[in-house]
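Structure record follows, encoded as structure tokens.
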Amino acid sequence: MKTLVIVIHPNLETSAVNKTWMNRLKQENDITVHDLYGEYPNFIIDVEKEQQLLLDHERIVFQFPMYWYSSPALLKQWEDDVLTHGWAYGTGGTKLHGKELLLAISLGAPESDYQAGGEYNITISELIRPFQVTANYIGMRFLPAFTQYGTLHLSKEDVKNSAEKLVDYLKAEH
């Protein structure tokens with residue numbers, strides 16, 4: 001299955017986890033890695049190019065750090081610009097029907113903080129609900145997210161292992 005991983009991290013060079021994930025994913029033949037902030041630091045998105053990338057792949061992955069209980073700003077801009085009426089939804093908007101959407105999320109806090117009674121008193125499943133609704137609306141199949149909690153306290157070996165787990169997860173049938 002051809003997979004497109006869209007990496008959305010405004011400070012990728014300073015991110016041990018997301019940078020390691022990206023570099024590891026680049027080694028896979030059936031995975032295309034696309035660094036959104038690297039491509040569009042000024043937030044001016046080439047819609048036609050982005051839409052063609054989506055058409056060329058069956059599984060789409062948004063890889064990002066959880067920022068203030070959401071994704072970095074460029075992903076929202078990308079969604080607004082790329083997922084257009086008549087292309088992704090609405091009359092004739094069936095281009096993404098049947099494709100898969102998966103999130104790969106890094107979180108600084110431990111998993112215990114993301115549950116009822118935890119620090120944030122909300123689960124990741126609840127926080128990423130808007131992505132699920134978007135996927136459903138544009139005819140994509142929303143897959144369970146890959147999450148790496150506690151990134152602020154991972155050793156280099158833990159980060160490397162996380163990257164291998166991500167590769168395995170993306171290659172698995174869901």
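Identifiers in this document derive from the order of the structure tokens: chains are assigned A, B, ..., residues are numbered from 1 separately in each chain, and ligands are numbered from 1 in order of occurrence.
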
For Leu53 in chain A, work out the shell of residues within 12 Å, counting only C-alpha atoms and skipping chain neighbours fewer than 6 positions away, then give it as a ChimeraX atom specification. /A:2-6,31-34,46-47,59-61,82,95-96

Counting only C-alpha atoms, the option among A:Ile45, A:Met66, A:Ala135, A:Leu54 closest to Leu107 in chain A: A:Met66

Which polymer residues have any atom within 12 Å of an atom of range 124-133 of chain A, counting only C-alpha atoms, with same-chain residues fewer than 5 positions away left out, as a VMD selection string? chain A and resid 61 to 62 64 66 to 71 75 to 76 79 100 to 107 109 to 116 118 138 to 149

Generate a file of the selected residues that holds C-alpha atoms, formatted as a tab-separated table (two decimals), in the first residue's frame.
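Saved as again_15.tsv:
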chain	number	residue	atom	x	y	z
A	61	VAL	CA	-0.75	9.87	7.63
A	62	PHE	CA	-0.64	13.16	9.49
A	64	PHE	CA	2.57	15.89	14.29
A	66	MET	CA	0.14	17.57	20.02
A	67	TYR	CA	0.14	21.37	20.43
A	68	TRP	CA	-2.36	22.85	22.86
A	69	TYR	CA	-4.58	19.78	22.46
A	70	SER	CA	-4.59	20.03	18.67
A	71	SER	CA	-2.26	19.96	15.69
A	75	LEU	CA	-2.22	21.46	9.17
A	76	LYS	CA	-5.42	23.47	9.62
A	79	GLU	CA	-7.01	21.27	5.32
A	100	GLU	CA	-7.30	5.70	4.75
A	101	LEU	CA	-6.39	8.44	7.22
A	102	LEU	CA	-4.14	7.76	10.18
A	103	LEU	CA	-2.58	10.09	12.74
A	104	ALA	CA	0.91	9.65	14.21
A	105	ILE	CA	1.03	11.89	17.27
A	106	SER	CA	3.81	12.67	19.72
A	107	LEU	CA	2.89	13.92	23.16
A	109	ALA	CA	3.03	14.21	28.75
A	110	PRO	CA	2.57	10.62	29.95
A	111	GLU	CA	-0.41	8.56	28.83
A	112	SER	CA	-1.89	8.69	32.33
A	113	ASP	CA	-2.50	12.43	31.85
A	114	TYR	CA	-4.83	11.69	28.93
A	115	GLN	CA	-7.64	9.82	30.65
A	116	ALA	CA	-10.58	10.46	32.91
A	118	GLY	CA	-5.79	12.46	34.64
A	138	ILE	CA	-14.70	13.28	2.88
A	139	GLY	CA	-15.21	9.52	2.54
A	140	MET	CA	-11.98	8.33	4.11
A	141	ARG	CA	-11.59	5.46	6.55
A	142	PHE	CA	-10.24	6.76	9.87
A	143	LEU	CA	-7.75	4.35	11.44
A	144	PRO	CA	-6.67	4.19	15.08
A	145	ALA	CA	-3.92	6.69	15.82
A	146	PHE	CA	-0.32	5.83	16.58
A	147	THR	CA	0.63	7.70	19.73
A	148	GLN	CA	3.90	8.17	21.55
A	149	TYR	CA	3.41	9.58	25.02

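Residues of range 63-137 of chain A assigned to strand (DSSP E or B) by DSSP on this structure's backbone: Gln63, Phe64, Pro65, Tyr67, Ser70, His85, Tyr89, Glu100, Leu101, Leu102, Leu103, Ala104, Ile105 and Ser106 of chain A.
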
Please produce a file of the residues just selected, as a PDB file, in the first residue's frame, where the atoms kept are N, CA and C atoms.
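Listing of part-v2.pdb after writing:
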ATOM      1  N   GLN A  63       1.518  13.280  10.608  1.00  0.00           N
ATOM      2  CA  GLN A  63       2.452  13.105  11.718  1.00  0.00           C
ATOM      3  C   GLN A  63       2.696  14.468  12.345  1.00  0.00           C
ATOM      4  N   PHE A  64       2.393  14.596  13.643  1.00  0.00           N
ATOM      5  CA  PHE A  64       2.565  15.888  14.288  1.00  0.00           C
ATOM      6  C   PHE A  64       2.660  15.745  15.808  1.00  0.00           C
ATOM      7  N   PRO A  65       3.227  16.770  16.459  1.00  0.00           N
ATOM      8  CA  PRO A  65       3.191  16.818  17.915  1.00  0.00           C
ATOM      9  C   PRO A  65       1.863  17.413  18.363  1.00  0.00           C
ATOM     10  N   TYR A  67      -0.093  19.995  20.008  1.00  0.00           N
ATOM     11  CA  TYR A  67       0.141  21.374  20.433  1.00  0.00           C
ATOM     12  C   TYR A  67      -1.153  21.922  20.991  1.00  0.00           C
ATOM     13  N   SER A  70      -4.236  20.054  20.087  1.00  0.00           N
ATOM     14  CA  SER A  70      -4.588  20.033  18.673  1.00  0.00           C
ATOM     15  C   SER A  70      -3.306  19.850  17.863  1.00  0.00           C
ATOM     16  N   HIS A  85     -14.247  21.981  -1.846  1.00  0.00           N
ATOM     17  CA  HIS A  85     -15.572  21.589  -2.326  1.00  0.00           C
ATOM     18  C   HIS A  85     -15.454  21.181  -3.794  1.00  0.00           C
ATOM     19  N   TYR A  89     -15.179  16.992  -1.108  1.00  0.00           N
ATOM     20  CA  TYR A  89     -16.538  16.848  -0.579  1.00  0.00           C
ATOM     21  C   TYR A  89     -17.498  17.635  -1.478  1.00  0.00           C
ATOM     22  N   GLU A 100      -7.404   5.806   3.301  1.00  0.00           N
ATOM     23  CA  GLU A 100      -7.300   5.702   4.747  1.00  0.00           C
ATOM     24  C   GLU A 100      -6.600   6.930   5.319  1.00  0.00           C
ATOM     25  N   LEU A 101      -7.030   7.355   6.498  1.00  0.00           N
ATOM     26  CA  LEU A 101      -6.391   8.441   7.221  1.00  0.00           C
ATOM     27  C   LEU A 101      -5.962   7.935   8.589  1.00  0.00           C
ATOM     28  N   LEU A 102      -4.715   8.206   8.922  1.00  0.00           N
ATOM     29  CA  LEU A 102      -4.140   7.757  10.184  1.00  0.00           C
ATOM     30  C   LEU A 102      -3.325   8.910  10.764  1.00  0.00           C
ATOM     31  N   LEU A 103      -3.364   9.065  12.063  1.00  0.00           N
ATOM     32  CA  LEU A 103      -2.577  10.087  12.737  1.00  0.00           C
ATOM     33  C   LEU A 103      -1.425   9.433  13.490  1.00  0.00           C
ATOM     34  N   ALA A 104      -0.246  10.053  13.422  1.00  0.00           N
ATOM     35  CA  ALA A 104       0.910   9.648  14.215  1.00  0.00           C
ATOM     36  C   ALA A 104       1.250  10.856  15.080  1.00  0.00           C
ATOM     37  N   ILE A 105       0.975  10.737  16.369  1.00  0.00           N
ATOM     38  CA  ILE A 105       1.033  11.888  17.268  1.00  0.00           C
ATOM     39  C   ILE A 105       2.064  11.666  18.368  1.00  0.00           C
ATOM     40  N   SER A 106       2.891  12.687  18.583  1.00  0.00           N
ATOM     41  CA  SER A 106       3.812  12.668  19.716  1.00  0.00           C
ATOM     42  C   SER A 106       3.273  13.601  20.794  1.00  0.00           C
TER      43      SER A 106
END

Which parts of range 4-159 of chain A does DSSP call helix (DSSP H, G or I) when run on the backbone here, written out as a PyMOL selection string? chain A and resi 12-14+16-25+36-39+47-55+73-82+111-113+124-127+129-137+151-153+156-159

Deliver the residues from the most recent selection as a file, using C-alpha atoms, as a short mmCIF file (atom, residue, chain, number, x, y, z; two decimals), in the first residue's frame.
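Writing the result to again02.cif gives the following:
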data_model
loop_
_atom_site.label_atom_id
_atom_site.label_comp_id
_atom_site.auth_asym_id
_atom_site.auth_seq_id
_atom_site.Cartn_x
_atom_site.Cartn_y
_atom_site.Cartn_z
CA LEU A 12 11.39 19.77 13.29
CA GLU A 13 15.12 20.24 13.83
CA THR A 14 14.58 20.48 17.59
CA ALA A 16 14.04 14.26 18.68
CA VAL A 17 10.93 12.14 18.13
CA ASN A 18 9.36 13.63 14.99
CA LYS A 19 12.71 14.11 13.27
CA THR A 20 13.70 10.52 14.04
CA TRP A 21 10.33 9.24 12.85
CA MET A 22 10.64 11.21 9.62
CA ASN A 23 14.19 10.09 8.89
CA ARG A 24 13.31 6.45 9.57
CA LEU A 25 10.22 6.60 7.37
CA LEU A 36 4.82 20.48 5.28
CA TYR A 37 6.66 23.24 7.19
CA GLY A 38 9.79 22.57 5.13
CA GLU A 39 7.75 22.91 1.94
CA VAL A 47 -3.06 23.06 -3.69
CA GLU A 48 -2.69 21.20 -6.98
CA LYS A 49 0.57 19.57 -5.83
CA GLU A 50 -0.96 18.54 -2.51
CA GLN A 51 -4.07 17.12 -4.12
CA GLN A 52 -1.95 15.10 -6.55
CA LEU A 53 0.06 13.66 -3.64
CA LEU A 54 -3.19 12.57 -2.01
CA LEU A 55 -4.42 10.98 -5.24
CA ALA A 73 -1.42 25.57 12.66
CA LEU A 74 -0.15 24.66 9.19
CA LEU A 75 -2.22 21.46 9.17
CA LYS A 76 -5.42 23.47 9.62
CA GLN A 77 -4.34 25.80 6.81
CA TRP A 78 -3.56 22.77 4.64
CA GLU A 79 -7.01 21.27 5.32
CA ASP A 80 -8.73 24.58 4.49
CA ASP A 81 -6.81 24.98 1.23
CA VAL A 82 -6.51 21.39 -0.04
CA GLU A 111 -0.41 8.56 28.83
CA SER A 112 -1.89 8.69 32.33
CA ASP A 113 -2.50 12.43 31.85
CA ILE A 124 -6.61 11.27 22.88
CA SER A 125 -9.59 9.67 21.13
CA GLU A 126 -11.70 12.60 22.29
CA LEU A 127 -9.08 15.19 21.28
CA ARG A 129 -12.42 13.53 17.11
CA PRO A 130 -12.39 16.45 14.59
CA PHE A 131 -9.99 14.46 12.39
CA GLN A 132 -12.34 11.49 12.51
CA VAL A 133 -15.31 13.67 11.55
CA THR A 134 -13.29 15.16 8.69
CA ALA A 135 -12.29 11.72 7.44
CA ASN A 136 -15.89 10.53 7.55
CA TYR A 137 -17.13 13.67 5.78
CA THR A 151 8.37 12.17 24.59
CA LEU A 152 10.04 14.67 26.91
CA HIS A 153 11.55 11.81 28.89
CA LYS A 156 17.68 7.92 22.42
CA GLU A 157 17.06 4.18 22.35
CA ASP A 158 13.38 4.70 23.22
CA VAL A 159 13.05 7.23 20.37
#

Here CA of Trp87 in chain A and CA of Asn29 in chain A stand apart by 28.1 Å
